[in-house]
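S.K.: File protein.txt below, compact mmCIF, C-alpha atoms and all ligand atoms:
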```
# COMPACT_ATOMS: atom_id res chain seq x y z
CA MET S 397 139.77 61.36 156.77
CA LEU S 398 140.58 65.07 157.01
CA GLU S 399 144.07 64.38 155.69
CA ARG S 400 142.67 62.51 152.67
CA LEU S 401 140.27 65.42 152.14
CA GLU S 402 143.12 67.92 152.12
CA GLU S 403 145.02 65.71 149.64
CA LEU S 404 142.05 65.62 147.28
CA ARG S 405 141.55 69.40 147.63
CA HIS S 406 145.18 70.03 146.76
CA GLU S 407 145.08 67.56 143.87
CA GLY S 408 141.91 69.10 142.48
CA LEU S 409 142.92 72.78 142.70
CA THR S 410 146.38 72.09 141.25
CA ALA S 411 144.92 70.13 138.34
CA VAL S 412 142.39 72.90 137.60
CA GLU S 413 145.15 75.51 137.73
CA ALA S 414 147.25 73.52 135.24
CA SER S 415 144.41 72.68 132.84
CA ASN S 416 144.37 74.09 129.29
CA SER S 417 141.20 72.73 127.78
CA GLU S 418 137.57 71.97 128.34
CA ASP S 419 138.38 68.25 128.04
CA GLU S 420 140.90 68.44 130.87
CA LEU S 421 138.40 70.28 133.09
CA ARG S 422 135.73 67.72 132.32
CA GLU S 423 138.15 64.92 133.23
CA ILE S 424 138.92 66.53 136.65
CA GLU S 425 135.24 67.00 137.28
CA VAL S 426 134.49 63.33 136.63
CA ARG S 427 137.54 62.04 138.51
CA LEU S 428 136.87 64.00 141.71
CA LEU S 429 133.25 65.09 141.76
CA GLY S 430 131.48 62.56 139.51
CA ARG S 431 129.16 59.78 140.75
CA LYS S 432 132.12 57.44 141.09
CA GLY S 433 134.65 60.22 141.83
CA ALA S 434 137.15 60.24 144.74
CA LEU S 435 135.36 62.95 146.75
CA THR S 436 132.01 61.26 146.29
CA ASP S 437 133.54 57.99 147.50
CA LEU S 438 134.92 59.77 150.53
CA LEU S 439 131.49 61.22 151.34
CA LYS S 440 129.97 57.75 151.03
CA SER S 441 132.49 56.41 153.61
CA LEU S 442 131.36 58.91 156.27
CA GLY S 443 129.33 56.12 157.81
CA THR S 444 132.53 54.35 158.93
CA LEU S 445 133.45 57.31 161.20
CA PRO S 446 132.38 57.54 164.83
CA LYS S 447 128.96 59.16 165.02
CA GLU S 448 130.16 62.38 166.73
CA ASP S 449 132.83 63.02 164.02
CA ARG S 450 130.46 62.61 161.10
CA PRO S 451 128.88 66.13 160.92
CA ALA S 452 132.20 68.01 160.91
CA ALA S 453 133.70 65.60 158.37
CA GLY S 454 130.59 65.84 156.15
CA GLN S 455 130.67 69.66 156.20
CA ALA S 456 134.39 69.72 155.43
CA ALA S 457 133.95 67.29 152.50
CA ASN S 458 131.10 69.38 151.06
CA ARG S 459 133.13 72.58 151.37
CA VAL S 460 136.00 70.98 149.42
CA LYS S 461 133.57 69.69 146.79
CA GLN S 462 132.04 73.18 146.33
CA GLU S 463 135.45 74.84 146.23
CA ILE S 464 136.72 72.55 143.48
CA ALA S 465 133.43 72.89 141.49
CA ALA S 466 133.63 76.72 141.73
CA GLN S 467 137.26 76.75 140.56
CA ILE S 468 136.35 74.54 137.59
CA GLU S 469 133.64 77.07 136.58
CA VAL S 470 136.07 79.99 136.90
CA ALA S 471 138.60 78.13 134.73
CA ARG S 472 135.87 77.38 132.13
CA GLY S 473 134.97 81.07 131.92
CA LYS S 474 138.60 82.07 131.41
CA LEU S 475 139.08 79.38 128.79
CA HIS S 476 135.99 80.54 126.87
CA ALA S 477 137.14 84.18 126.90
CA PHE S 478 140.61 83.13 125.78
CA ASN S 479 139.26 81.01 122.90
CA LEU S 480 137.00 83.83 121.73
CA ALA S 481 139.84 86.36 121.77
CA THR S 482 142.03 83.92 119.82
CA ASP S 483 139.28 83.40 117.22
CA LEU S 484 138.74 87.12 116.82
CA ALA S 485 142.45 87.78 116.39
CA GLY S 486 142.99 84.84 114.02
CA ASP S 487 142.70 84.65 110.22
CA GLY S 488 139.23 83.11 110.20
CA LEU S 489 137.23 86.08 111.43
CA ASP S 490 137.52 89.84 111.03
CA ALA S 491 135.07 91.39 113.47
CA THR S 492 135.55 94.81 111.86
CA LEU S 493 134.08 93.70 108.51
CA PRO S 494 130.58 95.13 107.81
CA GLY S 495 127.75 92.60 108.12
CA PRO S 496 125.68 91.42 105.18
CA LYS S 497 123.71 94.29 103.62
CA PRO S 498 119.94 94.09 104.02
CA PRO S 499 118.37 94.18 100.55
CA ALA S 500 117.43 97.77 99.67
CA GLY S 501 114.01 98.56 98.25
CA GLY S 502 113.36 100.80 95.26
CA LEU S 503 110.53 102.87 93.86
CA HIS S 504 108.01 100.97 91.76
CA PRO S 505 108.02 102.21 88.12
CA LEU S 506 104.49 103.52 88.70
CA GLY S 507 105.76 105.55 91.64
CA GLN S 508 108.73 106.79 89.61
CA ILE S 509 106.54 108.12 86.79
CA ALA S 510 104.01 109.59 89.23
CA ARG S 511 106.78 111.50 91.02
CA GLU S 512 108.28 112.77 87.76
CA LEU S 513 104.88 114.01 86.61
CA GLU S 514 104.16 115.58 89.99
CA ASP S 515 107.44 117.52 89.61
CA VAL S 516 106.53 118.66 86.09
CA PHE S 517 103.08 119.85 87.17
CA GLN S 518 104.19 121.37 90.46
CA SER S 519 106.66 123.49 88.49
CA MET S 520 103.63 124.79 86.55
CA GLY S 521 101.81 125.78 89.75
CA PHE S 522 99.66 122.65 90.23
CA ARG S 523 99.08 121.23 93.70
CA ILE S 524 99.00 117.48 94.39
CA ALA S 525 95.58 116.26 95.51
CA ASP S 526 94.54 112.96 97.00
CA GLY S 527 91.38 111.09 97.90
CA PRO S 528 90.32 107.76 99.41
CA GLU S 529 90.22 104.55 97.37
CA VAL S 530 86.87 103.66 98.93
CA GLU S 531 84.66 106.47 97.68
CA LEU S 532 81.16 107.86 98.05
CA GLU S 533 78.86 107.26 95.11
CA ASP S 534 78.20 111.00 95.00
CA ASN S 535 81.87 111.86 94.35
CA ASN S 536 82.48 108.95 91.98
CA PHE S 537 79.30 109.37 89.90
CA ASP S 538 76.57 111.90 90.81
CA ALA S 539 78.60 115.08 91.16
CA LEU S 540 80.37 114.10 87.94
CA ASN S 541 77.09 114.38 86.04
CA ILE S 542 76.93 110.61 85.49
CA PRO S 543 73.22 109.69 85.21
CA ALA S 544 71.67 107.36 87.81
CA ASP S 545 71.04 104.71 85.14
CA HIS S 546 74.50 104.92 83.54
CA PRO S 547 75.90 101.41 82.85
CA ALA S 548 79.23 102.33 84.51
CA ARG S 549 77.42 102.14 87.87
CA GLU S 550 76.40 98.53 87.31
CA SER S 551 78.13 95.90 89.37
CA HIS S 552 79.63 94.39 86.22
CA ASP S 553 81.77 97.58 86.03
CA THR S 554 81.94 98.92 89.59
CA ILE S 555 83.00 97.12 92.77
CA TRP S 556 80.41 98.12 95.36
CA VAL S 557 81.12 98.11 99.07
CA THR S 558 77.54 98.79 100.15
CA PRO S 559 75.09 95.98 99.45
CA GLU S 560 72.55 96.30 96.67
CA GLY S 561 69.51 98.33 97.75
CA ASP S 562 71.48 100.20 100.40
CA GLY S 563 71.34 103.67 98.85
CA ARG S 564 73.04 102.56 95.61
CA GLY S 565 71.78 104.50 92.60
CA LYS S 566 70.49 107.24 94.93
CA GLY S 567 73.94 108.71 95.44
CA LYS S 568 74.31 107.11 98.89
CA GLY S 569 76.27 104.01 97.98
CA VAL S 570 79.97 103.37 98.67
CA CYS S 571 82.27 101.85 96.06
CA MET S 572 85.90 101.26 95.22
CA ARG S 573 86.63 104.36 93.15
CA THR S 574 86.53 103.52 89.45
CA HIS S 575 88.64 106.51 88.38
CA THR S 576 90.57 109.43 89.86
CA SER S 577 87.93 111.88 88.55
CA CYS S 578 86.29 111.80 92.00
CA VAL S 579 89.30 113.74 93.29
CA GLN S 580 88.15 116.60 90.99
CA ILE S 581 85.02 116.89 93.13
CA ARG S 582 86.86 116.60 96.45
CA ALA S 583 89.46 119.21 95.42
CA LEU S 584 86.94 121.69 93.95
CA ARG S 585 84.66 121.42 96.98
CA GLU S 586 87.56 121.88 99.34
CA HIS S 587 89.48 124.66 97.59
CA GLY S 588 87.00 126.28 95.16
CA ALA S 589 88.15 128.19 92.06
CA PRO S 590 90.64 129.07 90.70
CA LEU S 591 92.41 125.72 91.10
CA ARG S 592 95.07 123.53 89.46
CA VAL S 593 95.62 120.01 90.73
CA VAL S 594 97.00 116.66 89.68
CA ALA S 595 95.92 113.53 91.55
CA PRO S 596 97.72 110.23 90.95
CA GLY S 597 96.12 107.15 92.48
CA ARG S 598 94.92 103.57 92.34
CA VAL S 599 91.51 102.73 90.91
CA PHE S 600 89.43 99.55 90.67
CA ARG S 601 87.04 98.03 88.16
CA GLN S 602 85.27 94.74 87.56
CA GLU S 603 87.48 93.81 84.66
CA THR S 604 88.74 90.61 83.12
CA PRO S 605 92.48 91.25 82.90
CA ASP S 606 94.18 91.21 79.50
CA PRO S 607 97.46 92.74 78.23
CA THR S 608 96.17 96.34 78.57
CA HIS S 609 93.41 95.98 81.19
CA ASP S 610 93.71 95.16 84.87
CA HIS S 611 91.09 95.23 87.64
CA THR S 612 93.40 97.42 89.72
CA PHE S 613 95.38 100.08 87.90
CA HIS S 614 96.69 103.63 88.25
CA GLN S 615 95.50 106.89 86.78
CA MET S 616 96.50 110.49 87.17
CA GLU S 617 93.84 113.13 87.10
CA GLY S 618 94.62 116.69 86.03
CA LEU S 619 92.31 119.64 86.54
CA VAL S 620 92.46 123.38 85.93
CA VAL S 621 89.61 125.75 86.72
CA ASP S 622 90.03 129.46 86.14
CA LYS S 623 88.63 132.35 84.14
CA GLY S 624 89.08 131.97 80.38
CA VAL S 625 90.41 128.38 80.29
CA GLY S 626 90.04 126.82 76.80
CA VAL S 627 90.74 123.65 74.82
CA HIS S 628 94.15 124.99 73.76
CA HIS S 629 95.21 124.94 77.44
CA LEU S 630 94.17 121.30 77.69
CA LEU S 631 96.15 120.33 74.59
CA HIS S 632 99.22 122.15 75.89
CA ALA S 633 98.98 120.30 79.24
CA MET S 634 98.62 116.91 77.52
CA ASN S 635 101.65 117.50 75.29
CA THR S 636 103.77 118.80 78.19
CA LEU S 637 102.89 115.69 80.13
CA LEU S 638 103.86 113.33 77.32
CA GLU S 639 107.16 115.09 76.66
CA GLY S 640 107.88 115.10 80.42
CA VAL S 641 107.60 111.32 80.55
CA PHE S 642 109.12 110.30 77.24
CA GLY S 643 111.67 113.11 76.83
CA ARG S 644 110.76 113.18 73.14
CA LYS S 645 107.78 113.76 70.91
CA VAL S 646 105.43 110.79 70.87
CA GLU S 647 103.13 110.18 67.95
CA THR S 648 99.60 110.84 69.20
CA ARG S 649 96.15 111.37 67.79
CA LEU S 650 93.19 113.24 69.22
CA ARG S 651 89.65 112.08 68.59
CA PRO S 652 86.27 112.95 70.03
CA GLY S 653 85.37 111.04 73.20
CA PHE S 654 82.29 111.02 75.39
CA PHE S 655 82.35 111.37 79.17
CA PRO S 656 79.35 112.87 81.03
CA PHE S 657 81.64 115.16 83.05
CA VAL S 658 83.26 116.94 80.08
CA GLU S 659 81.96 118.78 77.06
CA PRO S 660 83.54 118.66 74.56
CA GLY S 661 85.43 115.46 75.37
CA PHE S 662 88.52 113.94 73.71
CA GLU S 663 90.54 110.77 73.63
CA LEU S 664 94.28 111.00 73.20
CA ASP S 665 95.86 107.83 71.84
CA ALA S 666 99.58 107.04 71.59
CA ARG S 667 101.11 105.06 68.73
CA CYS S 668 101.68 101.43 69.80
CA PRO S 669 105.43 100.95 70.42
CA PHE S 670 105.22 97.16 69.99
CA CYS S 671 104.28 96.88 66.32
CA LYS S 672 103.91 98.61 62.97
CA THR S 673 100.81 96.91 61.68
CA GLY S 674 98.85 95.76 64.75
CA CYS S 675 99.40 93.35 67.65
CA ARG S 676 97.63 91.86 70.69
CA VAL S 677 98.63 94.84 72.88
CA CYS S 678 96.95 97.47 70.65
CA LYS S 679 94.26 95.00 69.58
CA GLN S 680 95.41 95.27 65.95
CA SER S 681 94.68 99.04 65.86
CA THR S 682 98.31 100.36 66.16
CA TRP S 683 97.03 102.88 68.77
CA ILE S 684 96.82 102.65 72.58
CA GLU S 685 94.17 104.64 74.49
CA LEU S 686 96.16 106.70 76.92
CA MET S 687 94.58 109.89 78.11
CA PRO S 688 91.03 111.12 77.78
CA GLY S 689 90.20 114.70 78.67
CA GLY S 690 87.90 117.59 77.94
CA MET S 691 86.35 120.84 79.12
CA ILE S 692 84.65 120.42 82.50
CA HIS S 693 80.88 120.15 82.15
CA PRO S 694 78.98 123.12 83.71
CA ASN S 695 76.97 120.68 85.86
CA VAL S 696 80.17 119.49 87.54
CA LEU S 697 81.16 123.06 88.37
CA ARG S 698 77.66 123.72 89.72
CA ALA S 699 77.81 120.58 91.87
CA CYS S 700 80.90 122.13 93.47
CA ASP S 701 79.31 125.58 93.95
CA ILE S 702 81.34 127.17 91.18
CA ASP S 703 79.59 129.50 88.73
CA PRO S 704 80.10 128.17 85.16
CA ASP S 705 79.34 131.62 83.76
CA VAL S 706 82.44 132.94 85.52
CA TYR S 707 84.79 129.95 85.48
CA SER S 708 85.67 127.29 82.96
CA GLY S 709 88.13 124.43 83.19
CA TYR S 710 89.65 121.35 81.69
CA ALA S 711 90.33 117.89 83.09
CA PHE S 712 92.23 114.83 81.88
CA GLY S 713 92.57 111.29 83.18
CA LEU S 714 95.92 109.78 82.27
CA GLY S 715 96.21 105.98 82.29
CA LEU S 716 99.38 105.90 84.40
CA SER S 717 99.75 102.12 84.14
CA ARG S 718 99.59 102.27 80.36
CA MET S 719 102.08 105.13 80.41
CA VAL S 720 104.55 102.87 82.27
CA MET S 721 103.95 100.15 79.66
CA LEU S 722 104.69 102.55 76.81
CA ARG S 723 107.76 104.07 78.42
CA TYR S 724 109.45 100.78 79.27
CA GLY S 725 108.10 98.61 76.46
CA ILE S 726 106.17 96.29 78.84
CA ASP S 727 103.81 94.25 76.70
CA ASP S 728 101.50 93.09 79.50
CA ILE S 729 100.00 95.35 82.18
CA ARG S 730 99.65 92.41 84.58
CA TRP S 731 103.39 92.50 85.27
CA LEU S 732 102.99 95.83 87.07
CA LEU S 733 101.15 94.59 90.13
CA SER S 734 102.45 91.02 89.99
CA GLY S 735 104.92 91.66 92.82
CA ASP S 736 107.45 89.59 90.84
CA LEU S 737 110.92 90.73 91.98
CA ARG S 738 112.56 89.56 88.74
CA PHE S 739 110.39 92.11 86.97
CA LEU S 740 110.66 94.89 89.55
CA GLU S 741 114.43 94.73 89.93
CA GLN S 742 114.84 95.97 86.36
CA PHE S 743 113.54 99.38 87.43
CA ARG S 744 115.92 100.21 90.25
CA ALA S 745 116.52 103.95 89.97
C1 LIG W 1 88.14 107.62 82.78
O1 LIG W 1 88.41 106.91 83.74
C2 LIG W 1 87.85 109.09 82.99
N1 LIG W 1 87.65 109.35 84.37
C3 LIG W 1 88.98 109.89 82.39
C4 LIG W 1 88.69 111.36 82.21
C5 LIG W 1 89.13 112.26 83.16
C6 LIG W 1 87.98 111.79 81.10
C7 LIG W 1 88.86 113.61 83.00
C8 LIG W 1 87.73 113.14 80.93
C9 LIG W 1 88.18 114.03 81.88
P1 LIG W 1 88.63 105.80 81.00
O2 LIG W 1 87.72 104.77 81.55
O3 LIG W 1 88.74 105.84 79.51
O4 LIG W 1 88.24 107.24 81.51
O5 LIG W 1 90.07 105.57 81.60
C10 LIG W 1 91.10 106.51 81.41
C11 LIG W 1 92.38 105.81 81.03
O6 LIG W 1 92.69 104.83 82.02
C12 LIG W 1 92.32 105.03 79.72
O7 LIG W 1 92.64 105.86 78.63
C13 LIG W 1 93.40 103.99 79.93
O8 LIG W 1 94.69 104.55 79.65
C14 LIG W 1 93.31 103.71 81.39
N2 LIG W 1 92.48 102.52 81.65
C15 LIG W 1 91.15 102.37 81.56
N3 LIG W 1 90.77 101.14 81.93
C16 LIG W 1 91.89 100.47 82.26
C17 LIG W 1 92.16 99.17 82.75
N4 LIG W 1 91.20 98.29 83.00
N5 LIG W 1 93.44 98.82 82.98
C18 LIG W 1 94.43 99.73 82.79
N6 LIG W 1 94.25 100.98 82.35
C19 LIG W 1 93.00 101.37 82.08
```
Would you mind giving the structure from this file in structure tokens?

M.R.:
Amino acid sequence: MLERLEELRHEGLTAVEASNSEDELREIEVRLLGRKGALTDLLKSLGTLPKEDRPAAGQAANRVKQEIAAQIEVARGKLHAFNLATDLAGDGLDATLPGPKPPAGGLHPLGQIARELEDVFQSMGFRIADGPEVELEDNNFDALNIPADHPARESHDTIWVTPEGDGRGKGKGVCMRTHTSCVQIRALREHGAPLRVVAPGRVFRQETPDPTHDHTFHQMEGLVVDKGVGVHHLLHAMNTLLEGVFGRKVETRLRPGFFPFVEPGFELDARCPFCKTGCRVCKQSTWIELMPGGMIHPNVLRACDIDPDVYSGYAFGLGLSRMVMLRYGIDDIRWLLSGDLRFLEQFRA
């Protein structure tokens, strides 16, 4: 029995040593160690030995079985390492090649224009201001001299966060800001006069979207408060802004406009770039409303503890989304926040 065991051990270890493939190793495994293998058969025949010889023979057979199994595993490991090294060195795979590039993001066209304008205004001494998108009624309406019964406060214009009857109309409501003009109040209350700020940001209105209106869109507020500020300063700022974005003179017109927080108030319109005689974008008027502005109403200054007999100021509220439309010839504002990559990829800087 022990002789046969030694024969099988020798046969097994020699075969493993000489093997070159996984298939050969598998074959040795089955032939010697498998359910019907030679070593298994030998173990089964232990019962034919005299009782006192059985334990020693059983232990010896198990040792041989384990030794061959361990050598097969070692040979498998070597084979695997060899195959991998061959693959890496072969023609099929160059491990030094860079992996696939993760797709790179880019700035949204709204972000691009906002940054350009921030640069233009920062170079003129303006600071960049910011405010929350969920805003207090006081900042969005009251402090801006907007009367308690003004239709803009109605829920068909404003998206309210506080429920009806919960302080709304008494200056204690909370809403999604409807314009960036509320940043005027925050900035003036925080920094006082004199002050120059621009504040780009996202605003929200109850609006049925159409080619030039969205319920969520972007504006950029501008504000200057100082001694002796006049309408001519406002007009200069508006023209600088337009030239900064378009790099050329754009045909514009100025007309009177009413906003409770400015007096006098203006509307600056830009000539529609999509038509000569009227189209659906300009609603057949050949003009697109772009940027209202005016001289800050004394009540707004007072609400921010600034003496209107000492200081005056101007403010404007650029429709940033419409500016992007005009600059790139986009004939529907709804593309801007569509998240459609086919659209966005055209604006990679
Ligand atoms: C205002 O929001 C004022 N806060 C602007 C202002 C600031 C006036 C400072 C005076 C002084 P208005 O609602 O007109 O005004 O909006 C300003 C600009 O935002 C418009 O000229 C237009 O370009 C853009 N705009 C208005 N509504 C929408 C909309 N639904 N979708 C896209 N752009 C819009």

S.K.: Around ligand LIG 1 (chain W), out to 8 Å and counting only C-alpha atoms and all ligand atoms, which residues are there? I want them as a PDB file with C-alpha atoms, in the coordinates of the input.

M.R.:
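New file part-v4.pdb:
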```pdb
ATOM      1  CA  THR S 574      86.530 103.520  89.450  1.00  0.00           C
ATOM      2  CA  HIS S 575      88.640 106.510  88.380  1.00  0.00           C
ATOM      3  CA  THR S 576      90.570 109.430  89.860  1.00  0.00           C
ATOM      4  CA  SER S 577      87.930 111.880  88.550  1.00  0.00           C
ATOM      5  CA  PHE S 600      89.430  99.550  90.670  1.00  0.00           C
ATOM      6  CA  ARG S 601      87.040  98.030  88.160  1.00  0.00           C
ATOM      7  CA  GLU S 603      87.480  93.810  84.660  1.00  0.00           C
ATOM      8  CA  PRO S 605      92.480  91.250  82.900  1.00  0.00           C
ATOM      9  CA  THR S 608      96.170  96.340  78.570  1.00  0.00           C
ATOM     10  CA  HIS S 609      93.410  95.980  81.190  1.00  0.00           C
ATOM     11  CA  ASP S 610      93.710  95.160  84.870  1.00  0.00           C
ATOM     12  CA  HIS S 611      91.090  95.230  87.640  1.00  0.00           C
ATOM     13  CA  THR S 612      93.400  97.420  89.720  1.00  0.00           C
ATOM     14  CA  PHE S 613      95.380 100.080  87.900  1.00  0.00           C
ATOM     15  CA  HIS S 614      96.690 103.630  88.250  1.00  0.00           C
ATOM     16  CA  GLN S 615      95.500 106.890  86.780  1.00  0.00           C
ATOM     17  CA  GLU S 617      93.840 113.130  87.100  1.00  0.00           C
ATOM     18  CA  GLY S 618      94.620 116.690  86.030  1.00  0.00           C
ATOM     19  CA  LEU S 619      92.310 119.640  86.540  1.00  0.00           C
ATOM     20  CA  PHE S 655      82.350 111.370  79.170  1.00  0.00           C
ATOM     21  CA  PHE S 657      81.640 115.160  83.050  1.00  0.00           C
ATOM     22  CA  VAL S 658      83.260 116.940  80.080  1.00  0.00           C
ATOM     23  CA  GLY S 661      85.430 115.460  75.370  1.00  0.00           C
ATOM     24  CA  PHE S 662      88.520 113.940  73.710  1.00  0.00           C
ATOM     25  CA  GLU S 663      90.540 110.770  73.630  1.00  0.00           C
ATOM     26  CA  LEU S 664      94.280 111.000  73.200  1.00  0.00           C
ATOM     27  CA  ASP S 665      95.860 107.830  71.840  1.00  0.00           C
ATOM     28  CA  ILE S 684      96.820 102.650  72.580  1.00  0.00           C
ATOM     29  CA  GLU S 685      94.170 104.640  74.490  1.00  0.00           C
ATOM     30  CA  LEU S 686      96.160 106.700  76.920  1.00  0.00           C
ATOM     31  CA  MET S 687      94.580 109.890  78.110  1.00  0.00           C
ATOM     32  CA  PRO S 688      91.030 111.120  77.780  1.00  0.00           C
ATOM     33  CA  GLY S 689      90.200 114.700  78.670  1.00  0.00           C
ATOM     34  CA  GLY S 690      87.900 117.590  77.940  1.00  0.00           C
ATOM     35  CA  MET S 691      86.350 120.840  79.120  1.00  0.00           C
ATOM     36  CA  ILE S 692      84.650 120.420  82.500  1.00  0.00           C
ATOM     37  CA  TYR S 710      89.650 121.350  81.690  1.00  0.00           C
ATOM     38  CA  ALA S 711      90.330 117.890  83.090  1.00  0.00           C
ATOM     39  CA  PHE S 712      92.230 114.830  81.880  1.00  0.00           C
ATOM     40  CA  GLY S 713      92.570 111.290  83.180  1.00  0.00           C
ATOM     41  CA  LEU S 714      95.920 109.780  82.270  1.00  0.00           C
ATOM     42  CA  GLY S 715      96.210 105.980  82.290  1.00  0.00           C
ATOM     43  CA  LEU S 716      99.380 105.900  84.400  1.00  0.00           C
ATOM     44  CA  SER S 717      99.750 102.120  84.140  1.00  0.00           C
ATOM     45  CA  ARG S 718      99.590 102.270  80.360  1.00  0.00           C
ATOM     46  CA  MET S 719     102.080 105.130  80.410  1.00  0.00           C
ATOM     47  CA  ILE S 729     100.000  95.350  82.180  1.00  0.00           C
TER      48      ILE S 729
END
```

S.K.: Please report the interatomic distance between CA of Cys675 (chain S) and CA of Asp727 (chain S) in Å with one decimal.

M.R.: 10.1 Å

S.K.: Considering all atoms listed in the file, return as a PyMOL selection string whatever protein or nucleic-acid residues lie within 10 Å of region 421-427 of chain S, sequence-local ones (same chain, fewer than 4 positions apart) excluded.

M.R.: chain S and resi 407-409+411-417+431-436+464-465+467-469+471-472

S.K.: Go ahead and save the residues from that selection, with C-alpha atoms, as a compact mmCIF listing (two decimals), in the frame of the given file.

M.R.:
```txt
# COMPACT_ATOMS: atom_id res chain seq x y z
CA GLU S 407 145.08 67.56 143.87
CA GLY S 408 141.91 69.10 142.48
CA LEU S 409 142.92 72.78 142.70
CA ALA S 411 144.92 70.13 138.34
CA VAL S 412 142.39 72.90 137.60
CA GLU S 413 145.15 75.51 137.73
CA ALA S 414 147.25 73.52 135.24
CA SER S 415 144.41 72.68 132.84
CA ASN S 416 144.37 74.09 129.29
CA SER S 417 141.20 72.73 127.78
CA ARG S 431 129.16 59.78 140.75
CA LYS S 432 132.12 57.44 141.09
CA GLY S 433 134.65 60.22 141.83
CA ALA S 434 137.15 60.24 144.74
CA LEU S 435 135.36 62.95 146.75
CA THR S 436 132.01 61.26 146.29
CA ILE S 464 136.72 72.55 143.48
CA ALA S 465 133.43 72.89 141.49
CA GLN S 467 137.26 76.75 140.56
CA ILE S 468 136.35 74.54 137.59
CA GLU S 469 133.64 77.07 136.58
CA ALA S 471 138.60 78.13 134.73
CA ARG S 472 135.87 77.38 132.13
```

S.K.: Rounded to one decimal, what separation in Å do you get between CA of Leu732 (chain S) and CA of Thr604 (chain S)?

M.R.: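 Spanning CA of Leu732 (chain S) to CA of Thr604 (chain S) is a straight-line distance of 15.7 Å.
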
S.K.: Rank nothing, just name the residue among S:Leu637, S:Val557, S:Leu438, S:Val677 nearest to Ile726 (chain S), using all atoms listed in the file.

M.R.: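 Answer, going by the shortest atom-to-atom distance: S:Val677.
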
S.K.: For the atom pair CA of Pro704 (chain S) and CA of Ala589 (chain S), what is the interatomic distance in Å to one decimal place?

M.R.: 10.6 Å

S.K.: Closest to Cys700 (chain S) among S:His476, S:Lys568, S:Lys461, S:His587, using only C-alpha atoms?

M.R.: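 The shortest atom-to-atom distance to Cys700 (chain S) comes from S:His587.
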
S.K.: Residues within 6 Å of Arg573 (chain S), please, as a list in words. Count all atoms listed in the file; anything in the same chain fewer than 5 positions from it doesn't count.

M.R.: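 Near Arg573 (chain S), the qualifying residues are Glu529, Val530, Glu531 and Val599 of chain S.
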
S.K.: Name all residues at most 8 Å from Ile509 (chain S) (count all atoms listed in the file; drop same-chain ones fewer than 3 positions away) and give them as an NGL selection string.

M.R.: :S and (505-506 or 512-513 or 641 or 716 or 720)

S.K.: Using all atoms listed in the file, which of S:Ser519, S:Thr444, S:Gln462, S:Asn695 sits nearest Arg592 (chain S)?

M.R.: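 Between S:Ser519, S:Thr444, S:Gln462, S:Asn695, the residue approaching Arg592 (chain S) most closely is S:Ser519.
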
S.K.: Please identify all polymer residues within 12 Å of Arg450 (chain S), counting all atoms listed in the file, omitting same-chain residues fewer than 3 positions from it, and present them as a PyMOL selection string.

M.R.: chain S and resi 397-398+438-447+453-457

S.K.: Which residue, S:Glu420, S:Glu586, S:Glu514, S:Asp437, has the smallest gap to Leu401 (chain S) when you use all atoms listed in the file?

M.R.: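 The shortest atom-to-atom distance to Leu401 (chain S) comes from S:Asp437.
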
S.K.: Taking 5 positions as the minimum chain separation for residues in the same chain, which residues sit within 12 Å of Asp703 (chain S) when counting all atoms listed in the file? Answer as a compact mmCIF listing (two decimals) with C-alpha atoms, keeping the file's coordinate frame.

M.R.:
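So result09.txt came out as:
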```
# COMPACT_ATOMS: atom_id res chain seq x y z
CA LEU S 584 86.94 121.69 93.95
CA GLY S 588 87.00 126.28 95.16
CA ALA S 589 88.15 128.19 92.06
CA PRO S 590 90.64 129.07 90.70
CA VAL S 621 89.61 125.75 86.72
CA ASP S 622 90.03 129.46 86.14
CA LYS S 623 88.63 132.35 84.14
CA HIS S 693 80.88 120.15 82.15
CA PRO S 694 78.98 123.12 83.71
CA ASN S 695 76.97 120.68 85.86
CA VAL S 696 80.17 119.49 87.54
CA LEU S 697 81.16 123.06 88.37
CA ARG S 698 77.66 123.72 89.72
CA SER S 708 85.67 127.29 82.96
CA GLY S 709 88.13 124.43 83.19
```

S.K.: Could you work out an axis-aligned box for region 473-491 of chain S, taking every atom the file lists and adding 8 Å on each side, and report centre and edge lengths in Å to one decimal, as AutoDock Vina command-line options?

M.R.:
```
--center_x 139.0 --center_y 85.4 --center_z 121.1 --size_x 24.0 --size_y 28.0 --size_z 37.7
```
